[in-house]
Number of protein chains: 2
Amino acid sequence: MQLSNDQVIIFLISISVMLFSAKMLGEIFTKFKQPAIIGEILAGVILGPTILGMLSPGTFEFLFPKNSEINVAMDGITNIAVVLLLLVSGLEVDLSVVFRHRKKALSISIIGIIIPFLLGFGIAYLFPGLLGLIESQDRLVFALFIGTAIAISSLPVIAKILMDLKIFKSEIGSIIIASAMLNDLIGWIIFSVILGMIGANTNGFSFSETLIYTLSFIAFLLIAGRKIINKLISIIQVKLTFPGSVINFILILGFLGAAFTEYLGVHAILGAFMVGIAIGDSIHLKERTREILHQFITNIFAPLFFVSIGMKANFITNFNVGIVIVLLALAFIGKIAGCSIGARLGGMKKNESLAVGAGMSSSGAMGIIIGLIALQFGLINEEVFVGLVIMALFTSISSAPLMSYFLKERDKTKFRNLLQERFVFFTNESGKEKIISRLVEVASKELKLEKEVILREVMSREKNLPTGIANYLALPHAKIKIKDPFIGIAINKRGVNFDAADGLPCKIIILLLTPENNNEIQLQLLSEIAAKFRSKEQVEKLLALLNARELCAELKKLE
Amino acid sequence: MQLSNDQVIIFLISISVMLFSAKMLGEIFTKFKQPAIIGEILAGVILGPTILGMLSPGTFEFLFPKNSEINVAMDGITNIAVVLLLLVSGLEVDLSVVFRHRKKALSISIIGIIIPFLLGFGIAYLFPGLLGLIESQDRLVFALFIGTAIAISSLPVIAKILMDLKIFKSEIGSIIIASAMLNDLIGWIIFSVILGMIGANTNGFSFSETLIYTLSFIAFLLIAGRKIINKLISIIQVKLTFPGSVINFILILGFLGAAFTEYLGVHAILGAFMVGIAIGDSIHLKERTREILHQFITNIFAPLFFVSIGMKANFITNFNVGIVIVLLALAFIGKIAGCSIGARLGGMKKNESLAVGAGMSSSGAMGIIIGLIALQFGLINEEVFVGLVIMALFTSISSAPLMSYFLKERDKTKFRNLLQERFVFFTNESGKEKIISRLVEVASKELKLEKEVILREVMSREKNLPTGIANYLALPHAKIKIKDPFIGIAINKRGVNFDAADGLPCKIIILLLTPENNNEIQLQLLSEIAAKFRSKEQVEKLLALLNARELCAELKKLE
């Protein structure tokens with residue numbers, strides 16, 4: 001069987017139309033700092049039964065004939081596309097990053113899976129009608145699947161968002177990436193187990209066999225496989241043509257891994273993803289090879305796949321408000337709460353934890369892929385599929401702004417961002433109370449609070465325990481009714497007595513006001529400031545400076 | 001219609017096996033400095049009906065089931081593969097190179113098409129039985145096709161061979177590339193006309209309509225299209241993501257161009273190739289974009305396509321010695337003779353012309369592609385198809401060694417390569433005859449010829465016309481019975497009288513012996529040497545040198 005000439009023409013035009021629409025809408029979303037995948041799926045919604053199929057059924061049937069060889073050829077390509085997409089997603093996984101942040105990442109990913117999973121599972125199991133359970137279905141399997149769909153993150157989308165926010169290589173960025181990798185890994189294994197349970201494989205493996213073979217395959221790849229692959233890549237690069245042979249080798253391994261897991265009944269993409277991880281770990285893999293694979297696959301194959309997703313269902317007739325709301329609520333609450341709690345238990349600060357939760361909340365590509373597979377196996381109906389796609393789109397869109405918000409909140413508690421030139425002044429006042437009073441005056445203007453209120457709090461703290469620290473530093477402070485912390489600095493080069501531990505007069509007096517009911521921020525800022533004054537030598541250098549601007553700059557530089 | 005799970009598994013395995021075999025054999029041929037395409041096609045022969053189909057029909061039918069959706073999906077991919085292959089081949093065409101060498105390139109490509117075309121056409125028309133004309137066929141169309149198949153070159157293979165020989169950017173390399181581009185272009189247009197004649201298009205265009213539309217399309221692309229594309233690429237690169245959007249844009253244009261020419265009835269690849277040329281001409285197209293497209297397509301899609309070629313027929317049962325011999329003879333004689341004559345008429349030297357002929361002789365990828373299309377349209381039978389593939393393989397293999405041979409022959413006539421330290425000596429002899437005698441002595445030892453014979457020839461020339469030139473140079477010379485020219489140099493710092501035109505004594509006496517019956521080489525070398533002595537100043541610098549080694553080095557440097 002082959003494509004006729006006419007079919008080749010339509011096939012080429014369909015692909016062009018799909019690529020063009022996907023790229024155009026993808027670029028628009030990119031311009032608005034949104035992941036391109038959203039535009040790509042929307043392109044599919046427009047080209048698919050939802051819009052084009054409604055408005056011009058003739059054009060739709062001409063471009064994308066359902067019962068034709070063209071459809072088979074297109075299915076072949078989208079199958080390859082999703083395998084390649086997962087292969088490059090796997091390449092992005094950096095096992096050493098996971099290992100470096102293993103404690104936090106484990107805490108975030110495990111709790112970040114358990115909570116949304118239980119939430120999704122519970123709601124789906126207790127109220128299956130809410131999520132459109134099909135009568136004939138196994139309620140347990142259905143609930144397990146909903147739990148997984150809610151719990152899974154989307155490494156490629158998360159990575160893209162972190163890059164857009166320019167925090168991909170930062171501490172928090174690395175932790176989120178490590179957690180997302182683990183999340184993906186665990187999520188896929190759970191999903192594979194579900195597929196095994198419903199006997200998705202047709203090759204006669206029992207559920208336990210499938211599970212054992214799958215886990216053995218993963219263990220083999222992560223333990224021995226990646227070392228063998230690493231060795232092979234180094235040999236291929238030296239002995240054979242570069243980068244041609246390596247590109248070829250990677251794709252062959254990806255296809256074979258995909259074929260193997262498909263054979264096990266746990267879907268092709270798990271194999272491709274795991275092979276990608278094993279290959280990505282190779283120290284011999286060159287940036288040039290990665291670049292070629294990454295660019296060609298993410299710009300050609302990925303859009304083709306995501307467009308085909310948007311074309312899988314009618315997003316209007318299958319739009320069920322109830323299902324969409326329930327899924328969105330589950331995803332937002334479950335995922336953000338789960339991952340934030342995980343981060344907090346892993347030892348991270350409050351706002352950072354919330355940022356992690358927001359960062360992990362996008363289920364993007366992965367959520368859609370497992371939704372598609374579930375649809376194909378009749379595990380969910382089209383309404384739930386549409387709901388899952390919308391959930392993936394929404395969480396992908398909201399993830400970046402939510403994360404920025406929490407990170408900004410976190411940043412508001414940093415000394416660096418609180419210190420401002422206009423709150424710094426030089427004075428000759430030599431009385432402790434006079435100096436504090438002048439500092440409070442500045443604060444009261446800025447915070448629009450009555451001076452007396454602030455002064456009372458500061459002085460009461462001062463009376464209980466003098467705030468002269470050491471190395472010419474005094475740190476009067478108080479918790480008051482404000483939203484963001486305040487820092488003011490007075491400098492008296494002759495020194496004022498603050499009963500400092502080292503007996504020295506205090507020449508730099510820093511007033512620190514923090515929100516009440518928040519011990520954490522106060523402690524953090526107090527210790528941060530004290531740390532900056534650890535070296536007497538450096539403080540003396542500071543005191544040699546003559547204006548507020550230089551002083552602020554130097555203070556920010558101190559570690 | 002979609003692929004079932006089992007079909008996806010087999011599809012992925014088939015592609016892996018094809019990619020792996022193609023790369024392995026391709027690499028082996030690369031190791032032996034042969035074009036990879038040969039190994040890739042051989043891989044197809046092994047995986048196809050010829051070997052695997054014979055040895056293990058079960059495995060063959062399992063991996064590559066004929067009447068299955070898998071076959072359709074594979075056909076979709078190979079269709080895309082060949083379109084992409086021609087697109088990147090087009091990208092390699094540099095219109096400015098063609099323009100720079102337009103005179104020679106036009107002469108080489110036109111005569112290099114006419115002669116093999118007429119030869120192929122004549123033999124096929126007069127003795128159609130020799131080439132397996134199918135009874136029912138139009139003899140004229142058949143003969144036209146054979147002529148075209150013989151006349152076409154293969155730009156990608158030629159480019160690869162020139163790179164392997166490290167002469168891609170040299171003068172002769174540029175001329176060959178320019179000629180191959182023009183050859184491809186003209187060859188494809190002729191082939192399109194033939195397809196139009198047999199009514200290959202199903203869209204109701206008459207032959208003349210097809211021809212007019214095709215030529216208009218090409219003219220539009222090469223005149224206005226490439227400027228528009230250039231502009232669009234510059235806009236896309238600035239406004240949209242890079243390199244993603246450009247890669248996407250190029251593929252979309254390629255697919256649309258392919259769909260358009262397929263619609264005209266002149267096959268998809270002409271459109272892809274022309275679009276490739278128009279895009280490749282853009283000054284805004286970045287090297288990074290080219291690299292990604294080139295590497296992914298030539299390492300993944302091209303091997304898949306060439307493997308599929310090897311699987312199209314049984315190369316043993318369809319091996320017809322007569323047809324193979326006739327095609328090979330036609331290709332070698334017609335192509336090498338045609339292009340060499342074209343080069344000669346274009347003003348190139350004899351050995352260079354032969355090298356051009358050898359370089360243009362490989363019909364590689366292009367010959368195979370048009371053979372495949374002809375097979376699909378029933379224009380030729382499987383025996384001729386197999387013959388054409390074998391012809392393409394043979395000419396691709398022989399091209400590089402033949403070219404090296406002629407280039408070496410050419411190099412033997414270069415002063416640079418003839419000048420050797422051991423034939424250079426300093427002397428105090430002041431007599432003209434004595435000095436010539438000493439030079440002839442050196443020559444006689446090297447050439448293993450009697451001294452008297454050489455001396456007689458040299459002195460007889462010397463008596464007719466003294467060989468003192470100017471700027472201290474004397475150039476005694478003769479044509480004798482030798483294969484390669486000989487150069488010997490005597491230096492007398494006081495000077496010897498050679499009746500030079502400027503009245504100066506000659507201090508550098510160069511003996512030049514060239515093969516008899518070859519005026520060209522003698523004239524060329526005489527003028528080359530004389531040119532090196534144009535500047536008195538530089539000659540005086542030469543004379544200041546004290547040993548043969550430095551003198552040789554400096555002489556080689558002089559232009």
# chains A, B, ... in the order shown; residues from 1 in each chain; ligands from 1

$ interface_residues --of "chain A" --to "chain B" --cutoff "7 Å" --atoms "only C-alpha atoms" --output "VMD selection string"
chain A and resid 1 to 3 9 12 to 13 16 19 to 20 27 66 to 69 71 to 73 75 to 76 240 244 248 252 255 to 256 259 262 to 263 292 295 to 296 299 to 300

$ write_last_selection --atoms "N, CA and C atoms" --output "compact mmCIF listing (two decimals), in the first residue's frame"
# COMPACT_ATOMS: atom_id res chain seq x y z
N MET A 1 0.84 -1.20 0.00
CA MET A 1 0.00 0.00 0.00
C MET A 1 0.88 1.25 0.00
N GLN A 2 0.53 2.15 -0.85
CA GLN A 2 1.29 3.39 -0.94
C GLN A 2 0.35 4.58 -1.08
N LEU A 3 0.92 5.76 -0.88
CA LEU A 3 0.13 6.97 -1.10
C LEU A 3 0.08 7.25 -2.59
N ILE A 9 0.14 15.01 -2.38
CA ILE A 9 -0.08 16.46 -2.42
C ILE A 9 -0.81 16.93 -1.16
N LEU A 12 1.35 16.67 2.00
CA LEU A 12 2.33 17.76 2.12
C LEU A 12 1.66 19.06 2.53
N ILE A 13 0.49 19.31 1.95
CA ILE A 13 -0.21 20.55 2.30
C ILE A 13 -0.68 20.50 3.75
N SER A 16 2.15 21.20 6.01
CA SER A 16 2.52 22.62 5.95
C SER A 16 1.55 23.47 6.75
N LEU A 19 2.12 22.86 10.48
CA LEU A 19 3.35 23.49 10.96
C LEU A 19 3.19 25.01 11.01
N PHE A 20 2.59 25.56 9.98
CA PHE A 20 2.46 27.01 9.90
C PHE A 20 1.57 27.55 11.02
N GLU A 27 4.31 31.34 18.31
CA GLU A 27 5.12 32.55 18.41
C GLU A 27 4.36 33.66 19.14
N LYS A 66 -10.46 11.54 7.20
CA LYS A 66 -10.43 10.57 8.30
C LYS A 66 -10.10 9.16 7.84
N ASN A 67 -10.82 8.70 6.82
CA ASN A 67 -10.66 7.31 6.44
C ASN A 67 -9.82 7.17 5.19
N SER A 68 -8.58 7.59 5.30
CA SER A 68 -7.73 7.59 4.12
C SER A 68 -6.32 7.19 4.53
N GLU A 69 -5.53 6.82 3.52
CA GLU A 69 -4.14 6.49 3.79
C GLU A 69 -3.39 7.70 4.37
N ASN A 71 -4.39 9.71 6.58
CA ASN A 71 -4.53 9.68 8.02
C ASN A 71 -3.55 8.70 8.66
N VAL A 72 -3.35 7.57 8.00
CA VAL A 72 -2.40 6.58 8.51
C VAL A 72 -0.99 7.15 8.50
N ALA A 73 -0.63 7.78 7.36
CA ALA A 73 0.71 8.36 7.25
C ALA A 73 0.91 9.42 8.33
N ASP A 75 -0.64 9.58 11.19
CA ASP A 75 -0.56 8.89 12.48
C ASP A 75 0.86 8.35 12.69
N GLY A 76 1.44 7.83 11.62
CA GLY A 76 2.82 7.35 11.71
C GLY A 76 3.75 8.46 12.15
N LEU A 240 33.61 7.20 14.23
CA LEU A 240 32.71 7.43 13.09
C LEU A 240 32.50 8.92 12.84
N GLY A 244 26.93 13.24 12.73
CA GLY A 244 25.98 12.36 12.07
C GLY A 244 25.72 11.04 12.78
N ASN A 248 22.25 9.68 14.71
CA ASN A 248 21.65 8.44 14.26
C ASN A 248 21.51 7.45 15.40
N ILE A 252 18.09 5.84 17.01
CA ILE A 252 17.87 4.39 16.97
C ILE A 252 17.56 3.87 18.38
N PHE A 255 14.06 4.93 19.42
CA PHE A 255 13.01 4.15 18.78
C PHE A 255 12.94 2.74 19.38
N LEU A 256 14.11 2.15 19.61
CA LEU A 256 14.11 0.79 20.16
C LEU A 256 13.56 0.77 21.58
N ALA A 259 9.90 1.10 21.29
CA ALA A 259 9.27 -0.14 20.83
C ALA A 259 9.21 -1.15 21.97
N GLU A 262 6.53 -0.18 24.54
CA GLU A 262 5.23 -0.38 23.91
C GLU A 262 4.91 -1.88 23.91
N TYR A 263 5.93 -2.68 23.67
CA TYR A 263 5.77 -4.13 23.67
C TYR A 263 5.39 -4.63 25.07
N ILE A 292 21.31 20.19 17.66
CA ILE A 292 20.67 19.74 16.41
C ILE A 292 19.40 18.97 16.73
N GLN A 295 16.69 21.39 18.45
CA GLN A 295 16.06 22.36 17.57
C GLN A 295 15.15 21.69 16.55
N PHE A 296 15.64 20.64 15.91
CA PHE A 296 14.81 20.03 14.87
C PHE A 296 13.56 19.42 15.49
N ASN A 299 11.10 22.05 17.09
CA ASN A 299 10.50 23.00 16.15
C ASN A 299 9.72 22.34 15.03
N ILE A 300 9.93 21.07 14.79
CA ILE A 300 9.20 20.40 13.72
C ILE A 300 8.28 19.32 14.30

$ select_by_dssp --residues "segment 109-213 of chain B" --states "alpha helix (DSSP H)" --output "compact mmCIF listing (two decimals) with C-alpha atoms, in the first residue's frame"
# COMPACT_ATOMS: atom_id res chain seq x y z
CA SER B 109 26.75 21.70 -18.15
CA ILE B 110 25.14 22.23 -21.54
CA ILE B 111 27.59 20.15 -23.56
CA GLY B 112 27.82 17.78 -20.63
CA ILE B 113 24.09 17.25 -20.91
CA ILE B 114 23.73 17.25 -24.70
CA ILE B 115 26.36 14.61 -25.44
CA PRO B 116 25.33 11.96 -22.89
CA PHE B 117 21.68 12.77 -23.53
CA LEU B 118 22.04 12.24 -27.28
CA LEU B 119 24.10 9.12 -26.68
CA GLY B 120 21.54 7.69 -24.27
CA PHE B 121 18.62 8.79 -26.37
CA GLY B 122 20.15 7.42 -29.55
CA ILE B 123 21.02 4.01 -28.15
CA ALA B 124 17.67 3.68 -26.38
CA TYR B 125 15.75 4.78 -29.45
CA LEU B 126 17.67 2.72 -31.99
CA ARG B 139 9.66 4.45 -27.58
CA LEU B 140 10.24 8.20 -27.83
CA VAL B 141 9.40 8.88 -24.19
CA PHE B 142 11.45 5.90 -23.12
CA ALA B 143 14.48 7.10 -25.09
CA LEU B 144 14.06 10.63 -23.73
CA PHE B 145 14.05 9.27 -20.22
CA ILE B 146 17.16 7.12 -20.73
CA GLY B 147 18.91 10.14 -22.19
CA THR B 148 18.01 12.22 -19.14
CA ALA B 149 19.02 9.50 -16.69
CA ILE B 150 22.43 9.28 -18.36
CA ALA B 151 22.85 13.05 -18.52
CA LEU B 155 25.00 17.63 -6.76
CA PRO B 156 25.00 16.22 -3.20
CA VAL B 157 27.35 13.35 -4.07
CA ILE B 158 29.62 15.61 -6.13
CA ALA B 159 29.79 18.13 -3.31
CA LYS B 160 30.66 15.34 -0.88
CA ILE B 161 33.41 13.99 -3.14
CA LEU B 162 34.94 17.44 -3.65
CA MET B 163 34.97 17.95 0.12
CA ASP B 164 36.64 14.57 0.61
CA GLU B 171 38.99 27.07 -8.53
CA ILE B 172 38.34 23.71 -10.17
CA GLY B 173 36.06 22.63 -7.31
CA SER B 174 33.93 25.76 -7.72
CA ILE B 175 33.68 25.23 -11.46
CA ILE B 176 32.56 21.62 -10.99
CA ILE B 177 30.00 22.63 -8.37
CA ALA B 178 28.64 25.42 -10.53
CA SER B 179 28.36 23.06 -13.48
CA ALA B 180 26.68 20.39 -11.37
CA MET B 181 24.12 22.92 -10.15
CA LEU B 182 23.27 23.97 -13.68
CA ASN B 183 23.27 20.36 -14.79
CA ASP B 184 20.84 19.43 -12.04
CA LEU B 185 18.62 22.33 -12.86
CA ILE B 186 18.48 21.64 -16.59
CA GLY B 187 18.23 17.89 -16.03
CA TRP B 188 15.27 18.27 -13.70
CA ILE B 189 13.47 20.56 -16.09
CA ILE B 190 13.91 18.06 -18.94
CA PHE B 191 12.72 15.26 -16.70
CA SER B 192 9.70 17.30 -15.66
CA VAL B 193 8.88 17.81 -19.30
CA ILE B 194 8.99 14.05 -19.85
CA LEU B 195 6.68 13.49 -16.89
CA GLY B 196 4.37 16.10 -18.37
CA MET B 197 4.46 14.30 -21.74
CA PHE B 207 1.73 19.15 -21.56
CA SER B 208 2.30 22.74 -22.59
CA GLU B 209 0.42 24.08 -19.57
CA THR B 210 2.57 21.97 -17.28
CA LEU B 211 5.70 23.21 -19.00
CA ILE B 212 4.67 26.86 -18.85
CA TYR B 213 3.57 26.70 -15.22

$ residues_around --residues "Leu513 of chain A" --least-positions-apart "2" --cutoff "8 Å" --atoms "only C-alpha atoms" --output "list of chain:residue names"
A:His477, A:Ala478, A:Lys479, A:Ile480, A:Pro485, A:Phe486, A:Ile487, A:Leu511, A:Pro515

$ residues_around --residues "Gln34 of chain A" --least-positions-apart "2" --cutoff "8 Å" --atoms "only C-alpha atoms" --output "PyMOL selection string"
chain A and resi 29-32+36+38+161+396-397+400

$ closest_residue --among "A:Ile233, A:Leu447, A:Leu388, A:Val97" --to "Gly488 of chain A" --atoms "only C-alpha atoms"
A:Leu447

$ residues_around --residues "Lys414 of chain A" --least-positions-apart "4" --cutoff "10 Å" --atoms "only C-alpha atoms" --output "PyMOL selection string"
chain A and resi 408-410+418-419+485+521+524-525+528

$ write_last_selection --atoms "N, CA and C atoms" --output "PDB file, in the first residue's frame"
ATOM      1  N   LYS A 408       8.922  37.318  43.900  1.00  0.00           N
ATOM      2  CA  LYS A 408       9.012  38.730  44.247  1.00  0.00           C
ATOM      3  C   LYS A 408       8.743  38.897  45.727  1.00  0.00           C
ATOM      4  N   GLU A 409       7.742  38.165  46.234  1.00  0.00           N
ATOM      5  CA  GLU A 409       7.446  38.201  47.662  1.00  0.00           C
ATOM      6  C   GLU A 409       8.691  37.793  48.446  1.00  0.00           C
ATOM      7  N   ARG A 410       9.363  36.743  47.954  1.00  0.00           N
ATOM      8  CA  ARG A 410      10.567  36.292  48.622  1.00  0.00           C
ATOM      9  C   ARG A 410      11.623  37.393  48.549  1.00  0.00           C
ATOM     10  N   LEU A 418      15.766  45.717  50.204  1.00  0.00           N
ATOM     11  CA  LEU A 418      15.151  46.635  51.173  1.00  0.00           C
ATOM     12  C   LEU A 418      15.980  47.899  51.353  1.00  0.00           C
ATOM     13  N   LEU A 419      17.301  47.741  51.213  1.00  0.00           N
ATOM     14  CA  LEU A 419      18.209  48.860  51.452  1.00  0.00           C
ATOM     15  C   LEU A 419      18.067  49.917  50.364  1.00  0.00           C
ATOM     16  N   PRO A 485       9.110  44.561  55.130  1.00  0.00           N
ATOM     17  CA  PRO A 485      10.097  45.058  56.095  1.00  0.00           C
ATOM     18  C   PRO A 485      10.639  46.431  55.698  1.00  0.00           C
ATOM     19  N   ILE A 521      10.976  36.224  59.054  1.00  0.00           N
ATOM     20  CA  ILE A 521      11.619  37.305  58.303  1.00  0.00           C
ATOM     21  C   ILE A 521      12.539  38.119  59.193  1.00  0.00           C
ATOM     22  N   GLN A 524      15.690  36.184  59.929  1.00  0.00           N
ATOM     23  CA  GLN A 524      16.491  36.080  58.715  1.00  0.00           C
ATOM     24  C   GLN A 524      17.242  37.379  58.436  1.00  0.00           C
ATOM     25  N   LEU A 525      16.513  38.511  58.535  1.00  0.00           N
ATOM     26  CA  LEU A 525      17.151  39.793  58.237  1.00  0.00           C
ATOM     27  C   LEU A 525      18.179  40.169  59.302  1.00  0.00           C
ATOM     28  N   GLU A 528      21.165  38.177  58.661  1.00  0.00           N
ATOM     29  CA  GLU A 528      21.822  38.599  57.418  1.00  0.00           C
ATOM     30  C   GLU A 528      22.646  39.867  57.648  1.00  0.00           C
TER      31      GLU A 528
END

$ closest_residue --among "B:Ile323, B:Ala531, B:Ile491, B:Ala500" --to "Thr427 of chain B" --atoms "only C-alpha atoms"
B:Ile491

$ atom_distance --atom1 "atom CA of Gln137 of chain A" --atom2 "atom CA of Pro49 of chain A"
26.5 Å

$ residues_around --residues "Ile368 of chain B" --least-positions-apart "4" --cutoff "12 Å" --atoms "only C-alpha atoms" --output "tab-separated table (two decimals) with C-alpha atoms, in the first residue's frame"
chain	number	residue	atom	x	y	z
B	37	ILE	CA	24.91	6.77	-0.03
B	38	ILE	CA	26.43	3.58	-1.51
B	41	ILE	CA	21.49	1.72	-0.66
B	82	VAL	CA	13.03	12.71	-0.29
B	148	THR	CA	18.01	12.22	-19.14
B	149	ALA	CA	19.02	9.50	-16.69
B	150	ILE	CA	22.43	9.28	-18.36
B	152	ILE	CA	21.95	13.98	-14.95
B	153	SER	CA	24.63	14.58	-12.31
B	154	SER	CA	24.28	14.42	-8.57
B	157	VAL	CA	27.35	13.35	-4.07
B	305	PHE	CA	15.15	7.24	1.82
B	306	PHE	CA	18.18	5.49	0.34
B	307	VAL	CA	17.51	2.33	2.30
B	308	SER	CA	14.01	2.35	0.92
B	309	ILE	CA	15.53	2.61	-2.60
B	310	GLY	CA	17.53	-0.55	-2.05
B	312	LYS	CA	12.32	-1.27	-4.03
B	362	SER	CA	28.58	10.59	-10.65
B	363	SER	CA	24.83	10.39	-11.10
B	364	GLY	CA	24.38	9.29	-7.47
B	372	LEU	CA	12.47	5.55	-8.92
B	373	ILE	CA	9.91	7.97	-10.26
B	374	ALA	CA	10.21	6.45	-13.72
B	375	LEU	CA	9.65	3.02	-12.19
B	384	VAL	CA	16.28	-0.93	-15.91
B	385	PHE	CA	15.66	0.49	-12.43
B	386	VAL	CA	18.20	-1.92	-10.97
B	387	GLY	CA	20.56	-1.01	-13.81
B	388	LEU	CA	20.16	2.70	-13.08
B	389	VAL	CA	20.81	2.20	-9.35
B	390	ILE	CA	23.92	0.16	-10.11
B	391	MET	CA	25.02	2.80	-12.61
B	392	ALA	CA	24.55	5.48	-9.97
B	393	LEU	CA	26.54	3.47	-7.42
B	394	PHE	CA	29.37	2.72	-9.84
B	395	THR	CA	29.72	6.25	-11.10
B	396	SER	CA	29.67	7.54	-7.51

$ atom_distance --atom1 "atom CA of Cys506 of chain B" --atom2 "atom CA of Glu550 of chain B"
19.6 Å
